[in-house]
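Asks: What follows is a structure written as structure tokens; I'll ask about it next.
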There are 2 protein chains.
Amino acid sequence: MSKTENNQSNVTNDGDFSVIFAALGDSTRLALFDRLSDGKPRSISVLSDDADMTRQAVTKHLRVLEAAGLVQNHRMGRESHYAFCPDQLKQARAYLDQVAGRWDSALMRLKTFVEGDDG
Amino acid sequence: MSKTENNQSNVTNDGDFSVIFAALGDSTRLALFDRLSDGKPRSISVLSDDADMTRQAVTKHLRVLEAAGLVQNHRMGRESHYAFCPDQLKQARAYLDQVAGRWDSALMRLKTFVEGDDG
DNA sequence: ACATAACGCAACCTCCTGGTTGCATTTAAG
DNA sequence: CTTAAATGCAACCAGGAGGTTGCGTTATGT
């Protein structure tokens with residue numbers, strides 16, 4: 001990815017975003033994230049109750065989400081509560097908007113080119 | 001994920017979205033997708049030239065993107081061109097918007113509750 | 001005080017993923 | 001026609017991801 005091409009991708013670091021997407025790229029984790037989006041923090045046990053896997057597996061998934069900054073963890077007494085964290089979500093949305101915008105303007109350029117060529 | 005809770009996630013199938021996010025959840029693939037977002041289709045060789053891996057590896061990544069519907073493939077003579085495909089991107093954006101919206105309205109409810117409680 | 005609920009840690013296992021190599025095939029170029 | 005480019009296919013490999021089990025530790029509740 002260097003100089004042979006008009007590289008205007010302008011993305012400071014794809015890597016960061018790929019971490020976010022990778023965290024959401026598992027159906028179990030996406031379901032957990034989706035469930036926490038109502039704002040209510042939940043303990044690991046509660047989140048594990050209706051999952052068809054072990055508490056430990058859910059714990060691992062929650063830690064992946066936490067490492068990606070999508071979720072926050074607060075220990076309350078003997079239980080550890082995980083809560084939705086919107087920052088990285090906004091980042092991901094902004095990135096996808098940027099990519100979509102690049103595509104749209106490419107379409108615009110093509111359209112005006114064709115129209116100018118035709119008319 | 002059943003009935004013990006006010007499950008309004010309203011997501012028909014988390015799985016589909018997780019496939020999209022998983023496809024974007026690799027820095028190499030995200031870079032490829034980002035690069036194709038300018039609308040210009042590119043051959044595998046061109047896309048492999050400035051990647052620090054084998055053509056076969058790039059091919060595999062492109063196929064993952066294609067399987068997720070993020071990219072389209074058209075064979076042109078002896079070379080196969082991959083082009084950006086915006087549909088699934090829009091889907092992913094819409095989903096993230098939905099989640100963010102759920103979070104925002106949860107915040108709103110909390111805010112009005114606190115204000116009503118206080119004043 | 002004691003039982004138990006909620007959790008962490010670590011070992012372990014299996015399978016998928018990212019990547020490579022070698023070779024065959026199709027297509028363009030000279 | 002012959003050569004080289006662009007790709008496909010298949011086998012293979014190492015490492016990581018998802019998941020389980022067992023056990024220890026810390027709080028809660030009674």
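Following the order of the structure tokens, first chain is A, next is B, and so on, with residues numbered from 1 inside each chain and ligands from 1 in the order they appear.
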Per residue of chain C within 12 Å of range 22-29 of chain D, which atom pair is closest and at what distance in Å (one decimal), using only C-alpha atoms (C1' of nucleotides), listed by chain and increasing number, as a tab-separated table?
Replies:
residue	atom	partner	partner_atom	distance
C:DC2	C1'	D:DG29	C1'	10.4
C:DA3	C1'	D:DG29	C1'	9.3
C:DT4	C1'	D:DT28	C1'	8.6
C:DA5	C1'	D:DT28	C1'	7.6
C:DA6	C1'	D:DA27	C1'	8.2
C:DC7	C1'	D:DT26	C1'	8.2
C:DG8	C1'	D:DT25	C1'	7.9
C:DC9	C1'	D:DG24	C1'	8.4
C:DA10	C1'	D:DG22	C1'	9.5
C:DA11	C1'	D:DG22	C1'	9.1
C:DC12	C1'	D:DG22	C1'	10.7
Asks: Please superimpose chain A upon chain B, fitting all C-alpha atoms matched one to one in order, and report the result as a PDB file with C-alpha atoms, in the first residue's frame.
Replies:
ATOM      1  CA  MET A   1     -31.853 -15.117  24.604  1.00  0.00           C
ATOM      2  CA  SER A   2     -35.489 -15.816  25.229  1.00  0.00           C
ATOM      3  CA  LYS A   3     -38.184 -14.546  27.471  1.00  0.00           C
ATOM      4  CA  THR A   4     -36.724 -13.576  30.811  1.00  0.00           C
ATOM      5  CA  GLU A   5     -36.003 -10.108  29.525  1.00  0.00           C
ATOM      6  CA  ASN A   6     -37.495  -7.238  27.575  1.00  0.00           C
ATOM      7  CA  ASN A   7     -35.799  -8.377  24.422  1.00  0.00           C
ATOM      8  CA  GLN A   8     -36.522  -5.582  21.967  1.00  0.00           C
ATOM      9  CA  SER A   9     -33.326  -6.071  20.023  1.00  0.00           C
ATOM     10  CA  ASN A  10     -35.493  -6.448  16.927  1.00  0.00           C
ATOM     11  CA  VAL A  11     -32.575  -7.811  14.981  1.00  0.00           C
ATOM     12  CA  THR A  12     -33.872 -10.391  12.577  1.00  0.00           C
ATOM     13  CA  ASN A  13     -30.573 -12.203  12.430  1.00  0.00           C
ATOM     14  CA  ASP A  14     -27.443 -11.163  14.222  1.00  0.00           C
ATOM     15  CA  GLY A  15     -25.633 -13.852  12.305  1.00  0.00           C
ATOM     16  CA  ASP A  16     -25.776 -12.063   8.989  1.00  0.00           C
ATOM     17  CA  PHE A  17     -24.265  -8.931  10.425  1.00  0.00           C
ATOM     18  CA  SER A  18     -21.601 -10.833  12.266  1.00  0.00           C
ATOM     19  CA  VAL A  19     -20.487 -12.236   8.907  1.00  0.00           C
ATOM     20  CA  ILE A  20     -20.059  -8.724   7.548  1.00  0.00           C
ATOM     21  CA  PHE A  21     -18.171  -7.576  10.611  1.00  0.00           C
ATOM     22  CA  ALA A  22     -16.016 -10.671  10.607  1.00  0.00           C
ATOM     23  CA  ALA A  23     -15.075  -9.958   7.008  1.00  0.00           C
ATOM     24  CA  LEU A  24     -14.028  -6.450   7.993  1.00  0.00           C
ATOM     25  CA  GLY A  25     -12.411  -7.703  11.176  1.00  0.00           C
ATOM     26  CA  ASP A  26      -9.083  -8.440   9.563  1.00  0.00           C
ATOM     27  CA  SER A  27      -6.709  -5.589   8.853  1.00  0.00           C
ATOM     28  CA  THR A  28      -5.665  -6.981   5.482  1.00  0.00           C
ATOM     29  CA  ARG A  29      -9.239  -7.367   4.320  1.00  0.00           C
ATOM     30  CA  LEU A  30     -10.250  -4.007   5.702  1.00  0.00           C
ATOM     31  CA  ALA A  31      -7.385  -2.446   3.776  1.00  0.00           C
ATOM     32  CA  LEU A  32      -8.502  -4.178   0.578  1.00  0.00           C
ATOM     33  CA  PHE A  33     -12.077  -3.076   1.099  1.00  0.00           C
ATOM     34  CA  ASP A  34     -10.948   0.442   1.905  1.00  0.00           C
ATOM     35  CA  ARG A  35      -8.833   0.536  -1.221  1.00  0.00           C
ATOM     36  CA  LEU A  36     -11.646  -0.628  -3.461  1.00  0.00           C
ATOM     37  CA  SER A  37     -13.999   2.013  -2.089  1.00  0.00           C
ATOM     38  CA  ASP A  38     -12.872   4.426  -4.798  1.00  0.00           C
ATOM     39  CA  GLY A  39     -14.962   2.423  -7.219  1.00  0.00           C
ATOM     40  CA  LYS A  40     -12.205   1.230  -9.486  1.00  0.00           C
ATOM     41  CA  PRO A  41     -12.197  -2.546  -9.954  1.00  0.00           C
ATOM     42  CA  ARG A  42      -8.779  -4.138  -9.637  1.00  0.00           C
ATOM     43  CA  SER A  43      -7.278  -7.446 -10.588  1.00  0.00           C
ATOM     44  CA  ILE A  44      -5.903  -9.842  -8.020  1.00  0.00           C
ATOM     45  CA  SER A  45      -2.358  -9.259  -9.222  1.00  0.00           C
ATOM     46  CA  VAL A  46      -2.688  -5.505  -8.835  1.00  0.00           C
ATOM     47  CA  LEU A  47      -4.152  -5.904  -5.366  1.00  0.00           C
ATOM     48  CA  SER A  48      -1.381  -8.309  -4.440  1.00  0.00           C
ATOM     49  CA  ASP A  49       1.478  -6.177  -5.701  1.00  0.00           C
ATOM     50  CA  ASP A  50       1.794  -3.940  -2.670  1.00  0.00           C
ATOM     51  CA  ALA A  51       0.604  -6.468  -0.128  1.00  0.00           C
ATOM     52  CA  ASP A  52       3.265  -8.214   1.888  1.00  0.00           C
ATOM     53  CA  MET A  53       1.863 -11.642   1.245  1.00  0.00           C
ATOM     54  CA  THR A  54       1.239 -14.128  -1.511  1.00  0.00           C
ATOM     55  CA  ARG A  55      -1.282 -13.703  -4.276  1.00  0.00           C
ATOM     56  CA  GLN A  56      -3.070 -16.770  -2.956  1.00  0.00           C
ATOM     57  CA  ALA A  57      -3.491 -15.193   0.454  1.00  0.00           C
ATOM     58  CA  VAL A  58      -4.964 -12.076  -1.129  1.00  0.00           C
ATOM     59  CA  THR A  59      -7.265 -14.282  -3.204  1.00  0.00           C
ATOM     60  CA  LYS A  60      -8.548 -15.946  -0.062  1.00  0.00           C
ATOM     61  CA  HIS A  61      -9.199 -12.604   1.582  1.00  0.00           C
ATOM     62  CA  LEU A  62     -11.025 -11.325  -1.475  1.00  0.00           C
ATOM     63  CA  ARG A  63     -13.229 -14.400  -1.454  1.00  0.00           C
ATOM     64  CA  VAL A  64     -14.112 -13.809   2.176  1.00  0.00           C
ATOM     65  CA  LEU A  65     -15.111 -10.262   1.295  1.00  0.00           C
ATOM     66  CA  GLU A  66     -17.079 -11.579  -1.641  1.00  0.00           C
ATOM     67  CA  ALA A  67     -18.833 -14.188   0.490  1.00  0.00           C
ATOM     68  CA  ALA A  68     -19.860 -11.387   2.838  1.00  0.00           C
ATOM     69  CA  GLY A  69     -21.266  -9.466  -0.120  1.00  0.00           C
ATOM     70  CA  LEU A  70     -18.875  -6.576   0.371  1.00  0.00           C
ATOM     71  CA  VAL A  71     -17.192  -7.059  -2.970  1.00  0.00           C
ATOM     72  CA  GLN A  72     -18.054  -8.426  -6.379  1.00  0.00           C
ATOM     73  CA  ASN A  73     -15.978 -10.450  -8.764  1.00  0.00           C
ATOM     74  CA  HIS A  74     -16.039 -10.273 -12.557  1.00  0.00           C
ATOM     75  CA  ARG A  75     -13.778 -12.337 -14.710  1.00  0.00           C
ATOM     76  CA  MET A  76     -12.307 -10.268 -17.547  1.00  0.00           C
ATOM     77  CA  GLY A  77     -10.332 -12.401 -19.922  1.00  0.00           C
ATOM     78  CA  ARG A  78      -7.504 -13.928 -17.995  1.00  0.00           C
ATOM     79  CA  GLU A  79      -7.789 -11.652 -15.013  1.00  0.00           C
ATOM     80  CA  SER A  80     -10.497 -11.498 -12.388  1.00  0.00           C
ATOM     81  CA  HIS A  81     -11.482  -8.041 -11.216  1.00  0.00           C
ATOM     82  CA  TYR A  82     -12.846  -7.308  -7.774  1.00  0.00           C
ATOM     83  CA  ALA A  83     -15.064  -4.295  -7.275  1.00  0.00           C
ATOM     84  CA  PHE A  84     -16.579  -2.546  -4.293  1.00  0.00           C
ATOM     85  CA  CYS A  85     -20.183  -3.452  -3.520  1.00  0.00           C
ATOM     86  CA  PRO A  86     -21.991  -1.002  -1.247  1.00  0.00           C
ATOM     87  CA  ASP A  87     -25.105  -2.963  -0.288  1.00  0.00           C
ATOM     88  CA  GLN A  88     -23.818  -4.883   2.692  1.00  0.00           C
ATOM     89  CA  LEU A  89     -21.911  -1.842   3.842  1.00  0.00           C
ATOM     90  CA  LYS A  90     -25.158   0.070   3.986  1.00  0.00           C
ATOM     91  CA  GLN A  91     -26.702  -2.805   5.892  1.00  0.00           C
ATOM     92  CA  ALA A  92     -23.930  -2.753   8.442  1.00  0.00           C
ATOM     93  CA  ARG A  93     -24.197   0.996   8.805  1.00  0.00           C
ATOM     94  CA  ALA A  94     -27.931   0.729   9.323  1.00  0.00           C
ATOM     95  CA  TYR A  95     -27.454  -1.889  11.999  1.00  0.00           C
ATOM     96  CA  LEU A  96     -24.887   0.155  13.885  1.00  0.00           C
ATOM     97  CA  ASP A  97     -27.184   3.157  13.631  1.00  0.00           C
ATOM     98  CA  GLN A  98     -29.940   1.077  15.122  1.00  0.00           C
ATOM     99  CA  VAL A  99     -27.811  -0.029  18.044  1.00  0.00           C
ATOM    100  CA  ALA A 100     -26.583   3.497  18.614  1.00  0.00           C
ATOM    101  CA  GLY A 101     -30.160   4.713  18.492  1.00  0.00           C
ATOM    102  CA  ARG A 102     -31.185   2.196  21.111  1.00  0.00           C
ATOM    103  CA  TRP A 103     -28.400   3.419  23.325  1.00  0.00           C
ATOM    104  CA  ASP A 104     -29.338   7.054  22.794  1.00  0.00           C
ATOM    105  CA  SER A 105     -32.958   6.522  23.675  1.00  0.00           C
ATOM    106  CA  ALA A 106     -31.881   4.605  26.748  1.00  0.00           C
ATOM    107  CA  LEU A 107     -29.841   7.638  27.735  1.00  0.00           C
ATOM    108  CA  MET A 108     -32.820   9.882  27.088  1.00  0.00           C
ATOM    109  CA  ARG A 109     -35.060   7.779  29.289  1.00  0.00           C
ATOM    110  CA  LEU A 110     -32.491   7.835  32.044  1.00  0.00           C
ATOM    111  CA  LYS A 111     -32.060  11.575  31.746  1.00  0.00           C
ATOM    112  CA  THR A 112     -35.763  12.371  31.900  1.00  0.00           C
ATOM    113  CA  PHE A 113     -36.129   9.959  34.789  1.00  0.00           C
ATOM    114  CA  VAL A 114     -33.386  11.660  36.762  1.00  0.00           C
ATOM    115  CA  GLU A 115     -34.670  15.118  35.948  1.00  0.00           C
ATOM    116  CA  GLY A 116     -38.215  14.153  36.857  1.00  0.00           C
ATOM    117  CA  ASP A 117     -36.948  12.611  40.076  1.00  0.00           C
ATOM    118  CA  ASP A 118     -34.913  15.690  40.910  1.00  0.00           C
ATOM    119  CA  GLY A 119     -37.330  18.461  39.871  1.00  0.00           C
TER     120      GLY A 119
END
Asks: For chain D, report every residue with an atom at most 10 Å from chain B (counting only C-alpha atoms (C1' of nucleotides)), formatted as a list in words.
Replies: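 For chain D, the answer reads DA5, DA6, DT7 and DG8 of chain D.
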Asks: Write out, as an mmCIF file, in the first residue's frame, the residues just selected, with C-alpha atoms (C1' of nucleotides).
Replies:
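Final output, part_18.cif:
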data_model
loop_
_atom_site.group_PDB
_atom_site.id
_atom_site.type_symbol
_atom_site.label_atom_id
_atom_site.label_comp_id
_atom_site.auth_asym_id
_atom_site.auth_seq_id
_atom_site.Cartn_x
_atom_site.Cartn_y
_atom_site.Cartn_z
ATOM 1 C "C1'" DA D 5 1.177 -13.579 -17.332
ATOM 2 C "C1'" DA D 6 -2.902 -14.237 -14.373
ATOM 3 C "C1'" DT D 7 -5.370 -17.234 -12.110
ATOM 4 C "C1'" DG D 8 -7.295 -21.630 -9.880
#
Asks: Give the strand (DSSP E) residues of range 2-118 of chain B, as DSSP finds them on the backbone, and put them as a list in words.
Replies: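 Here is the list: Arg42, Ser43, Val71, Gln72, Asn73, His74, Arg75, Met76, Glu79, Ser80, His81, Tyr82, Ala83 and Phe84 of chain B.
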Asks: Write a file of the just-selected residues containing all heavy atoms, as a short mmCIF file (atom, residue, chain, number, x, y, z; two decimals), in the first residue's frame.
Replies:
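Written output follows (result08.cif):
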data_model
loop_
_atom_site.label_atom_id
_atom_site.label_comp_id
_atom_site.auth_asym_id
_atom_site.auth_seq_id
_atom_site.Cartn_x
_atom_site.Cartn_y
_atom_site.Cartn_z
N ARG B 42 -10.19 -3.82 -9.54
CA ARG B 42 -8.77 -4.13 -9.67
C ARG B 42 -8.58 -5.65 -9.76
O ARG B 42 -9.33 -6.40 -9.16
CB ARG B 42 -7.99 -3.59 -8.48
CG ARG B 42 -7.87 -2.10 -8.41
CD ARG B 42 -7.28 -1.68 -7.09
NE ARG B 42 -7.11 -0.25 -6.97
CZ ARG B 42 -8.09 0.58 -6.65
NH1 ARG B 42 -9.30 0.13 -6.43
NH2 ARG B 42 -7.84 1.88 -6.55
N SER B 43 -7.56 -6.02 -10.48
CA SER B 43 -7.25 -7.45 -10.61
C SER B 43 -6.55 -7.94 -9.34
O SER B 43 -6.02 -7.15 -8.55
CB SER B 43 -6.36 -7.69 -11.81
OG SER B 43 -5.06 -7.24 -11.55
N VAL B 71 -18.00 -7.23 -1.79
CA VAL B 71 -17.19 -7.06 -2.99
C VAL B 71 -17.74 -7.99 -4.06
O VAL B 71 -18.32 -9.03 -3.75
CB VAL B 71 -15.72 -7.40 -2.63
CG1 VAL B 71 -15.06 -8.19 -3.71
CG2 VAL B 71 -14.96 -6.15 -2.30
N GLN B 72 -17.58 -7.59 -5.31
CA GLN B 72 -18.05 -8.43 -6.41
C GLN B 72 -16.90 -8.78 -7.33
O GLN B 72 -15.97 -8.01 -7.50
CB GLN B 72 -19.13 -7.69 -7.20
CG GLN B 72 -20.53 -8.14 -6.86
CD GLN B 72 -21.57 -7.35 -7.61
OE1 GLN B 72 -21.32 -6.20 -7.98
NE2 GLN B 72 -22.73 -7.94 -7.82
N ASN B 73 -17.02 -9.94 -7.94
CA ASN B 73 -15.96 -10.45 -8.79
C ASN B 73 -16.45 -10.63 -10.21
O ASN B 73 -17.50 -11.23 -10.45
CB ASN B 73 -15.48 -11.80 -8.24
CG ASN B 73 -14.43 -12.43 -9.11
OD1 ASN B 73 -13.71 -11.73 -9.83
ND2 ASN B 73 -14.34 -13.74 -9.05
N HIS B 74 -15.69 -10.09 -11.16
CA HIS B 74 -16.02 -10.29 -12.58
C HIS B 74 -14.76 -10.73 -13.31
O HIS B 74 -13.75 -10.03 -13.30
CB HIS B 74 -16.57 -8.99 -13.19
CG HIS B 74 -17.86 -8.56 -12.59
ND1 HIS B 74 -19.02 -9.28 -12.70
CD2 HIS B 74 -18.18 -7.46 -11.85
CE1 HIS B 74 -20.01 -8.64 -12.06
NE2 HIS B 74 -19.52 -7.55 -11.53
N ARG B 75 -14.90 -11.86 -13.96
CA ARG B 75 -13.75 -12.36 -14.73
C ARG B 75 -13.67 -11.61 -16.05
O ARG B 75 -14.64 -11.59 -16.83
CB ARG B 75 -13.92 -13.87 -14.97
CG ARG B 75 -12.70 -14.55 -15.51
CD ARG B 75 -11.68 -14.75 -14.42
NE ARG B 75 -10.41 -15.24 -14.95
CZ ARG B 75 -9.91 -16.45 -14.68
NH1 ARG B 75 -10.57 -17.26 -13.89
NH2 ARG B 75 -8.74 -16.82 -15.18
N MET B 76 -12.50 -11.03 -16.32
CA MET B 76 -12.29 -10.29 -17.57
C MET B 76 -11.09 -10.92 -18.26
O MET B 76 -9.95 -10.62 -17.92
CB MET B 76 -12.00 -8.82 -17.30
CG MET B 76 -13.10 -8.08 -16.56
SD MET B 76 -14.14 -7.15 -17.69
CE MET B 76 -12.95 -6.04 -18.44
N GLU B 79 -7.87 -12.21 -16.38
CA GLU B 79 -7.76 -11.67 -15.03
C GLU B 79 -9.14 -11.47 -14.40
O GLU B 79 -10.12 -11.20 -15.10
CB GLU B 79 -6.94 -10.38 -15.01
CG GLU B 79 -7.25 -9.40 -16.11
CD GLU B 79 -6.20 -8.31 -16.19
OE1 GLU B 79 -5.00 -8.65 -16.38
OE2 GLU B 79 -6.56 -7.14 -16.06
N SER B 80 -9.20 -11.61 -13.11
CA SER B 80 -10.47 -11.49 -12.40
C SER B 80 -10.46 -10.22 -11.57
O SER B 80 -9.58 -10.02 -10.73
CB SER B 80 -10.70 -12.73 -11.55
OG SER B 80 -10.49 -12.50 -10.21
N HIS B 81 -11.41 -9.37 -11.85
CA HIS B 81 -11.46 -8.06 -11.23
C HIS B 81 -12.42 -8.04 -10.07
O HIS B 81 -13.56 -8.50 -10.18
CB HIS B 81 -11.87 -7.01 -12.26
CG HIS B 81 -10.79 -6.66 -13.23
ND1 HIS B 81 -10.79 -5.52 -13.98
CD2 HIS B 81 -9.65 -7.31 -13.56
CE1 HIS B 81 -9.71 -5.47 -14.73
NE2 HIS B 81 -9.00 -6.56 -14.50
N TYR B 82 -11.98 -7.47 -8.96
CA TYR B 82 -12.83 -7.30 -7.79
C TYR B 82 -13.23 -5.84 -7.66
O TYR B 82 -12.40 -4.94 -7.80
CB TYR B 82 -12.10 -7.78 -6.53
CG TYR B 82 -12.11 -9.28 -6.40
CD1 TYR B 82 -11.15 -10.06 -7.00
CD2 TYR B 82 -13.12 -9.91 -5.68
CE1 TYR B 82 -11.16 -11.44 -6.90
CE2 TYR B 82 -13.15 -11.28 -5.56
CZ TYR B 82 -12.16 -12.04 -6.18
OH TYR B 82 -12.20 -13.40 -6.06
N ALA B 83 -14.53 -5.66 -7.39
CA ALA B 83 -15.06 -4.31 -7.29
C ALA B 83 -15.87 -4.14 -6.01
O ALA B 83 -16.51 -5.08 -5.53
CB ALA B 83 -15.93 -4.00 -8.50
N PHE B 84 -15.81 -2.95 -5.49
CA PHE B 84 -16.57 -2.55 -4.31
C PHE B 84 -18.07 -2.79 -4.53
O PHE B 84 -18.59 -2.62 -5.62
CB PHE B 84 -16.33 -1.07 -4.07
CG PHE B 84 -16.82 -0.57 -2.74
CD1 PHE B 84 -16.04 -0.69 -1.61
CD2 PHE B 84 -18.05 0.04 -2.64
CE1 PHE B 84 -16.48 -0.20 -0.40
CE2 PHE B 84 -18.50 0.52 -1.42
CZ PHE B 84 -17.72 0.40 -0.30
#
Asks: Please extract the residues of range 7-104 of chain A with a backbone DSSP assignment of helix (DSSP H, G or I) and present them as an MDAnalysis selection string.
Replies: chainID A and resid 14:24 27:36 44:49 55:67 86:104
Asks: Write a file of the selected residues as a PDB file, in the first residue's frame, keeping C-alpha atoms.
Replies:
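Dumped everything to again_5.pdb:
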ATOM      1  CA  ASP A  14      -7.045   0.419   9.647  1.00  0.00           C
ATOM      2  CA  GLY A  15      -5.852  -1.848  12.406  1.00  0.00           C
ATOM      3  CA  ASP A  16      -7.822  -0.140  15.129  1.00  0.00           C
ATOM      4  CA  PHE A  17     -11.047  -0.444  13.216  1.00  0.00           C
ATOM      5  CA  SER A  18     -10.392  -4.029  12.307  1.00  0.00           C
ATOM      6  CA  VAL A  19     -10.195  -4.784  16.034  1.00  0.00           C
ATOM      7  CA  ILE A  20     -13.645  -3.302  16.547  1.00  0.00           C
ATOM      8  CA  PHE A  21     -15.089  -5.189  13.611  1.00  0.00           C
ATOM      9  CA  ALA A  22     -13.427  -8.398  14.686  1.00  0.00           C
ATOM     10  CA  ALA A  23     -15.019  -8.029  18.103  1.00  0.00           C
ATOM     11  CA  LEU A  24     -18.417  -7.656  16.462  1.00  0.00           C
ATOM     12  CA  SER A  27     -22.513 -13.842  16.513  1.00  0.00           C
ATOM     13  CA  THR A  28     -22.294 -14.529  20.237  1.00  0.00           C
ATOM     14  CA  ARG A  29     -20.432 -11.312  20.916  1.00  0.00           C
ATOM     15  CA  LEU A  30     -22.665  -9.316  18.625  1.00  0.00           C
ATOM     16  CA  ALA A  31     -25.662 -10.655  20.517  1.00  0.00           C
ATOM     17  CA  LEU A  32     -24.098  -9.657  23.838  1.00  0.00           C
ATOM     18  CA  PHE A  33     -23.280  -6.205  22.541  1.00  0.00           C
ATOM     19  CA  ASP A  34     -26.751  -5.857  21.082  1.00  0.00           C
ATOM     20  CA  ARG A  35     -28.294  -6.888  24.369  1.00  0.00           C
ATOM     21  CA  LEU A  36     -26.277  -4.406  26.382  1.00  0.00           C
ATOM     22  CA  ILE A  44     -21.675 -12.270  33.841  1.00  0.00           C
ATOM     23  CA  SER A  45     -24.040 -14.800  35.377  1.00  0.00           C
ATOM     24  CA  VAL A  46     -27.084 -12.981  34.046  1.00  0.00           C
ATOM     25  CA  LEU A  47     -25.535 -12.729  30.600  1.00  0.00           C
ATOM     26  CA  SER A  48     -24.628 -16.402  30.707  1.00  0.00           C
ATOM     27  CA  ASP A  49     -28.020 -17.650  31.822  1.00  0.00           C
ATOM     28  CA  ARG A  55     -19.970 -18.866  31.874  1.00  0.00           C
ATOM     29  CA  GLN A  56     -16.266 -18.966  31.089  1.00  0.00           C
ATOM     30  CA  ALA A  57     -16.935 -18.749  27.374  1.00  0.00           C
ATOM     31  CA  VAL A  58     -19.173 -15.733  27.917  1.00  0.00           C
ATOM     32  CA  THR A  59     -16.470 -14.187  30.100  1.00  0.00           C
ATOM     33  CA  LYS A  60     -13.957 -14.562  27.302  1.00  0.00           C
ATOM     34  CA  HIS A  61     -16.307 -12.949  24.818  1.00  0.00           C
ATOM     35  CA  LEU A  62     -16.998 -10.066  27.167  1.00  0.00           C
ATOM     36  CA  ARG A  63     -13.279  -9.492  27.567  1.00  0.00           C
ATOM     37  CA  VAL A  64     -12.841  -9.355  23.813  1.00  0.00           C
ATOM     38  CA  LEU A  65     -15.574  -6.735  23.649  1.00  0.00           C
ATOM     39  CA  GLU A  66     -13.928  -4.883  26.491  1.00  0.00           C
ATOM     40  CA  ALA A  67     -10.518  -5.012  24.822  1.00  0.00           C
ATOM     41  CA  PRO A  86     -20.717   3.867  22.817  1.00  0.00           C
ATOM     42  CA  ASP A  87     -17.396   5.484  21.913  1.00  0.00           C
ATOM     43  CA  GLN A  88     -15.905   2.809  19.713  1.00  0.00           C
ATOM     44  CA  LEU A  89     -19.281   2.193  18.154  1.00  0.00           C
ATOM     45  CA  LYS A  90     -19.377   5.803  17.070  1.00  0.00           C
ATOM     46  CA  GLN A  91     -15.870   5.431  15.712  1.00  0.00           C
ATOM     47  CA  ALA A  92     -16.858   2.427  13.666  1.00  0.00           C
ATOM     48  CA  ARG A  93     -19.932   4.196  12.369  1.00  0.00           C
ATOM     49  CA  ALA A  94     -17.852   7.192  11.384  1.00  0.00           C
ATOM     50  CA  TYR A  95     -15.414   4.991   9.524  1.00  0.00           C
ATOM     51  CA  LEU A  96     -18.131   3.190   7.600  1.00  0.00           C
ATOM     52  CA  ASP A  97     -19.682   6.546   6.774  1.00  0.00           C
ATOM     53  CA  GLN A  98     -16.350   7.672   5.441  1.00  0.00           C
ATOM     54  CA  VAL A  99     -15.974   4.633   3.225  1.00  0.00           C
ATOM     55  CA  ALA A 100     -19.533   4.957   2.003  1.00  0.00           C
ATOM     56  CA  GLY A 101     -18.908   8.617   1.296  1.00  0.00           C
ATOM     57  CA  ARG A 102     -15.854   7.776  -0.757  1.00  0.00           C
ATOM     58  CA  TRP A 103     -17.913   5.351  -2.763  1.00  0.00           C
ATOM     59  CA  ASP A 104     -20.700   7.870  -3.276  1.00  0.00           C
TER      60      ASP A 104
END
Asks: Quick one: everything within 10 Å of range 1-4 of chain D, counting only C-alpha atoms (C1' of nucleotides), minus sequence neighbours fewer than 2 positions away in the same chain. Send it as a PDB file with N, CA and C atoms (P, O5', C5', C4', C3', O3' and C1' of nucleotides), in the first residue's frame.
Replies:
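The new file part-v4.pdb reads:
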ATOM      1  P    DA C  28      -7.742 -12.911 -23.335  1.00  0.00           P
ATOM      2  O5'  DA C  28      -6.443 -12.036 -23.623  1.00  0.00           O
ATOM      3  C5'  DA C  28      -5.827 -11.370 -22.534  1.00  0.00           C
ATOM      4  C4'  DA C  28      -4.317 -11.317 -22.752  1.00  0.00           C
ATOM      5  C3'  DA C  28      -3.887 -10.546 -24.003  1.00  0.00           C
ATOM      6  O3'  DA C  28      -2.940  -9.570 -23.614  1.00  0.00           O
ATOM      7  C1'  DA C  28      -2.790 -12.631 -23.885  1.00  0.00           C
ATOM      8  P    DA C  29      -2.567  -8.379 -24.612  1.00  0.00           P
ATOM      9  O5'  DA C  29      -0.976  -8.452 -24.559  1.00  0.00           O
ATOM     10  C5'  DA C  29      -0.368  -9.635 -24.060  1.00  0.00           C
ATOM     11  C4'  DA C  29       1.072  -9.771 -24.560  1.00  0.00           C
ATOM     12  C3'  DA C  29       1.424  -8.911 -25.781  1.00  0.00           C
ATOM     13  O3'  DA C  29       2.813  -8.656 -25.740  1.00  0.00           O
ATOM     14  C1'  DA C  29       1.481 -11.173 -26.392  1.00  0.00           C
ATOM     15  P    DG C  30       3.442  -7.507 -26.697  1.00  0.00           P
ATOM     16  O5'  DG C  30       4.729  -8.267 -27.235  1.00  0.00           O
ATOM     17  C5'  DG C  30       4.885  -9.648 -26.918  1.00  0.00           C
ATOM     18  C4'  DG C  30       5.971 -10.275 -27.739  1.00  0.00           C
ATOM     19  C3'  DG C  30       6.422  -9.501 -28.980  1.00  0.00           C
ATOM     20  O3'  DG C  30       7.766  -9.816 -29.267  1.00  0.00           O
ATOM     21  C1'  DG C  30       5.314 -11.484 -29.655  1.00  0.00           C
TER      22       DG C  30
ATOM     23  P    DA D   6       0.226 -10.075 -15.216  1.00  0.00           P
ATOM     24  O5'  DA D   6      -0.990 -11.034 -14.845  1.00  0.00           O
ATOM     25  C5'  DA D   6      -2.107 -11.088 -15.711  1.00  0.00           C
ATOM     26  C4'  DA D   6      -3.114 -12.071 -15.170  1.00  0.00           C
ATOM     27  C3'  DA D   6      -3.279 -12.013 -13.644  1.00  0.00           C
ATOM     28  O3'  DA D   6      -4.647 -11.831 -13.342  1.00  0.00           O
ATOM     29  C1'  DA D   6      -2.902 -14.237 -14.373  1.00  0.00           C
TER      30       DA D   6
END
